[in-house]
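Peer 1: First, the structure itself, so that you have it in front of you.
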Amino acid sequence: MTENPDKSDSDPKIPVPAPPQARKEPLPCRQPKPAAEDPEAPERVRRIMASPSYRLAALDADFLQGDHTRGLRLLLDYLKPELTLEQHGVVHTIVVFGSTRICEPAEARRRRDEACARLAAAGGPKAAPDLAARFAVAERIVAKSRYYDVARDFCRLMSEANAGAEPPTTLVMTGGGPGIMEAANRGAFDAGAQTIGLNIALPHEQYPNPYVTPELCFQFHYFALRKLHFLQRARALVAFPGGYGTFDELFEVLTLVQTRVMRPIPIILVGREFWRGAVDFDFLVDEGVIAREDRDLFWFAEDAREIHDSLLAWERAARKE
């Protein structure tokens, strides 16, 4: 029998697995071309590696902020909060909107007193009409500052009621800013509950209020994605007196529920006098631009207990249907 000349005396043994990172002998690419071979090579390599095109795409801020990557930014704006909320077991939210300018009563009175002092120092209303107008606004903010306490008390009640769930699946969610949003997050904080804040990146720096749970405070680039997250888990919307932002978010929800793109949820407008003065809903019905049933998509409330109890009544009625 003739032996196979290509066959070695013994088969190779199974090798030891290679280290995941280290090598005994480095690859040629681990060292740049030496100056000894080309004196200009090191500087050329430095310029190549400093070029924007050489940056990893995921770490290239200029690239990621370009027009062509807007779709990626939209996806990331959605995905990061979504995954984080899932990880924390957040199933439902109670969304609270309201003015950033309605501060707690003691602070409102302090600002009113400052406005009064400035007006007096300037010679009174006739001498300083602009300061007189500012003082009048400060007086009205003092009157509305009670809503800070209402929002705080309501969210404390809701958070205490949800404390029995393990983990708590329904959390208070706000825009994460000052004023009514702060009051709502603070009420949940008072109850020892987690609470969510959805901040938005603006041209001028802003700060989240100190009562949002750090792991559940998000900053959005796109208003649209922020609105989506406001409503994706919403079990109720509670809108306090506010300005453009509050109106924008409120009417977005009303439109979605009106068209049934979104399943109806309780929508409570806190402060009957404010809302009736700000929007004449009955006029819209009489003019035929909304139906009478659209006027019934929301109701008014005045204090924390009324908000809380009316929410529970709505849920009981919804379960019977």
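Labels used: A, B, ... for chains in the order of the structure tokens, numbers from 1 for residues in each chain, and numbers from 1 for ligands as shown.
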Just the residues within 10 Å of Tyr244 (chain A), please, counting only C-alpha atoms, with nothing from its chain fewer than 4 positions along; format it as an NGL selection string.

Peer 2: :A and (98-99 or 248-250)

Peer 1: What would the file look like if the residues just selected were written as an mmCIF file, in the first residue's frame with C-alpha atoms?

Peer 2:
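Printed below is selection_4.cif as written:
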```cif
data_model
loop_
_atom_site.group_PDB
_atom_site.id
_atom_site.type_symbol
_atom_site.label_atom_id
_atom_site.label_comp_id
_atom_site.auth_asym_id
_atom_site.auth_seq_id
_atom_site.Cartn_x
_atom_site.Cartn_y
_atom_site.Cartn_z
ATOM 1 C CA GLY A 98 -50.759 73.906 32.296
ATOM 2 C CA SER A 99 -48.935 77.194 32.303
ATOM 3 C CA ASP A 248 -51.772 73.355 21.374
ATOM 4 C CA GLU A 249 -51.651 70.118 23.327
ATOM 5 C CA LEU A 250 -55.288 70.289 24.470
#
```

Peer 1: With a distance cut-off of 7 Å and only C-alpha atoms, select the neighbouring residues of Ala183 (chain A), excluding the residue or stretch itself and same-chain residues fewer than 3 positions from it, and output the selection as a PyMOL selection string.

Peer 2: chain A and resi 148-149+151-152+179-180+186-187

Peer 1: Would you mind telling me which residue in A:Val212, A:Val96, A:Ile14, A:Ala50 lies nearest to Ala239 (chain A) when using only C-alpha atoms?

Peer 2: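 Of A:Val212, A:Val96, A:Ile14, A:Ala50, the one nearest Ala239 (chain A), counting only C-alpha atoms, is A:Val96.
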
Peer 1: Per DSSP on the backbone, filter region 100-208 of chain A down to the residues in helix (DSSP H, G or I) and report them as a PyMOL selection string.

Peer 2: chain A and resi 105-121+129-144+146-161+180-190

Peer 1: Report the residues of region 168-309 of chain A whose backbone DSSP state falls under strand (DSSP E or B), written as a list in words.

Peer 2: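 Filtering region 168-309 of chain A down to strand (DSSP E or B) leaves Thr170, Leu171, Val172, Met173, Thr174, Thr195, Ile196, Gly197, Leu198, Asn199, Ile200, Cys217, Phe218, Gln219, Phe220, Ala234, Arg235, Ala236, Leu237, Val238, Ala239, Ile267, Ile268, Leu269, Val270, Trp299, Phe300 and Ala301 of chain A.
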
Peer 1: Print the selection's residues with N, CA and C atoms to a file, as a CSV table (one decimal), in the first residue's frame.

Peer 2:
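What ended up in result-v4.csv:
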```
chain,number,residue,atom,x,y,z
A,170,THR,N,-49.3,53.2,36.4
A,170,THR,CA,-49.8,54.5,36.0
A,170,THR,C,-49.1,55.6,36.7
A,171,LEU,N,-48.4,56.4,35.9
A,171,LEU,CA,-47.6,57.5,36.5
A,171,LEU,C,-48.1,58.8,35.9
A,172,VAL,N,-47.8,59.9,36.7
A,172,VAL,CA,-48.1,61.2,36.3
A,172,VAL,C,-47.1,61.7,35.3
A,173,MET,N,-47.5,62.2,34.2
A,173,MET,CA,-46.6,62.7,33.1
A,173,MET,C,-46.9,64.2,32.8
A,174,THR,N,-45.8,65.0,32.7
A,174,THR,CA,-46.0,66.4,32.4
A,174,THR,C,-44.9,66.7,31.4
A,195,THR,N,-42.4,59.7,38.6
A,195,THR,CA,-43.1,60.7,37.8
A,195,THR,C,-42.3,61.1,36.6
A,196,ILE,N,-43.0,61.3,35.5
A,196,ILE,CA,-42.3,61.5,34.2
A,196,ILE,C,-42.4,62.9,33.7
A,197,GLY,N,-41.3,63.4,33.1
A,197,GLY,CA,-41.2,64.7,32.5
A,197,GLY,C,-40.7,64.6,31.1
A,198,LEU,N,-41.4,65.3,30.1
A,198,LEU,CA,-41.0,65.3,28.7
A,198,LEU,C,-40.6,66.7,28.4
A,199,ASN,N,-39.3,67.0,28.5
A,199,ASN,CA,-38.8,68.3,28.2
A,199,ASN,C,-38.6,68.4,26.7
A,200,ILE,N,-38.5,69.7,26.2
A,200,ILE,CA,-38.3,69.9,24.8
A,200,ILE,C,-37.0,70.8,24.6
A,217,CYS,N,-36.9,61.4,33.0
A,217,CYS,CA,-36.9,62.7,32.5
A,217,CYS,C,-36.3,62.7,31.1
A,218,PHE,N,-37.0,63.1,30.1
A,218,PHE,CA,-36.5,63.0,28.7
A,218,PHE,C,-36.4,64.4,28.1
A,219,GLN,N,-35.6,64.5,27.1
A,219,GLN,CA,-35.5,65.8,26.3
A,219,GLN,C,-35.7,65.4,24.9
A,220,PHE,N,-36.7,66.1,24.2
A,220,PHE,CA,-37.0,65.8,22.9
A,220,PHE,C,-36.5,66.9,22.0
A,234,ALA,N,-51.6,57.6,27.6
A,234,ALA,CA,-52.5,58.4,28.4
A,234,ALA,C,-53.8,57.7,28.7
A,235,ARG,N,-54.2,57.7,30.0
A,235,ARG,CA,-55.5,57.3,30.5
A,235,ARG,C,-56.4,58.5,30.7
A,236,ALA,N,-55.8,59.7,30.9
A,236,ALA,CA,-56.6,60.9,31.1
A,236,ALA,C,-55.7,62.1,30.8
A,237,LEU,N,-56.4,63.2,30.5
A,237,LEU,CA,-55.7,64.5,30.3
A,237,LEU,C,-56.4,65.5,31.2
A,238,VAL,N,-55.5,66.1,32.0
A,238,VAL,CA,-56.0,67.2,32.9
A,238,VAL,C,-55.3,68.5,32.5
A,239,ALA,N,-56.1,69.4,32.0
A,239,ALA,CA,-55.5,70.7,31.5
A,239,ALA,C,-55.9,71.8,32.4
A,267,ILE,N,-61.1,64.0,29.6
A,267,ILE,CA,-60.4,65.3,29.4
A,267,ILE,C,-61.1,66.3,30.3
A,268,ILE,N,-60.3,66.8,31.3
A,268,ILE,CA,-60.8,67.6,32.3
A,268,ILE,C,-60.1,69.0,32.2
A,269,LEU,N,-60.9,70.1,32.1
A,269,LEU,CA,-60.4,71.4,32.1
A,269,LEU,C,-60.6,72.0,33.5
A,270,VAL,N,-59.5,72.3,34.1
A,270,VAL,CA,-59.5,72.8,35.5
A,270,VAL,C,-59.6,74.3,35.5
A,299,TRP,N,-65.0,68.0,30.4
A,299,TRP,CA,-65.8,68.7,31.4
A,299,TRP,C,-64.9,69.5,32.3
A,300,PHE,N,-65.5,70.3,33.2
A,300,PHE,CA,-64.8,71.2,34.0
A,300,PHE,C,-64.7,70.7,35.4
A,301,ALA,N,-63.7,71.1,36.1
A,301,ALA,CA,-63.5,70.8,37.6
A,301,ALA,C,-62.8,71.9,38.2
```

Peer 1: Kindly indicate which residue among A:Leu311, A:Leu216, A:Met262, A:Leu157 lies nearest to Gln232 (chain A), using only C-alpha atoms for the distances.

Peer 2: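 The answer is A:Met262, which sits nearest to Gln232 (chain A).
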
Peer 1: Pick the closest to Ser159 (chain A) from A:Lys80, A:Arg134, A:Arg316, A:His308: which is it, counting only C-alpha atoms?

Peer 2: A:His308

Peer 1: Val91 (chain A): which residues within 8 Å, counting only C-alpha atoms, same-chain residues fewer than 3 positions away excluded, as a PyMOL selection string?

Peer 2: chain A and resi 86+169-170+233

Peer 1: What's the 10 Å shell around Ala191 (chain A), counting only C-alpha atoms, without same-chain residues fewer than 6 positions away, as JSON, numbers by chain?

Peer 2: {"A": [153, 155, 156, 157, 158, 159, 160, 161, 162, 163]}

Peer 1: Enter the distance from CA of Ala35 (chain A) to CA of Ser51 (chain A), in Å, rounded to one decimal.

Peer 2: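 It comes out at 20.6 Å.
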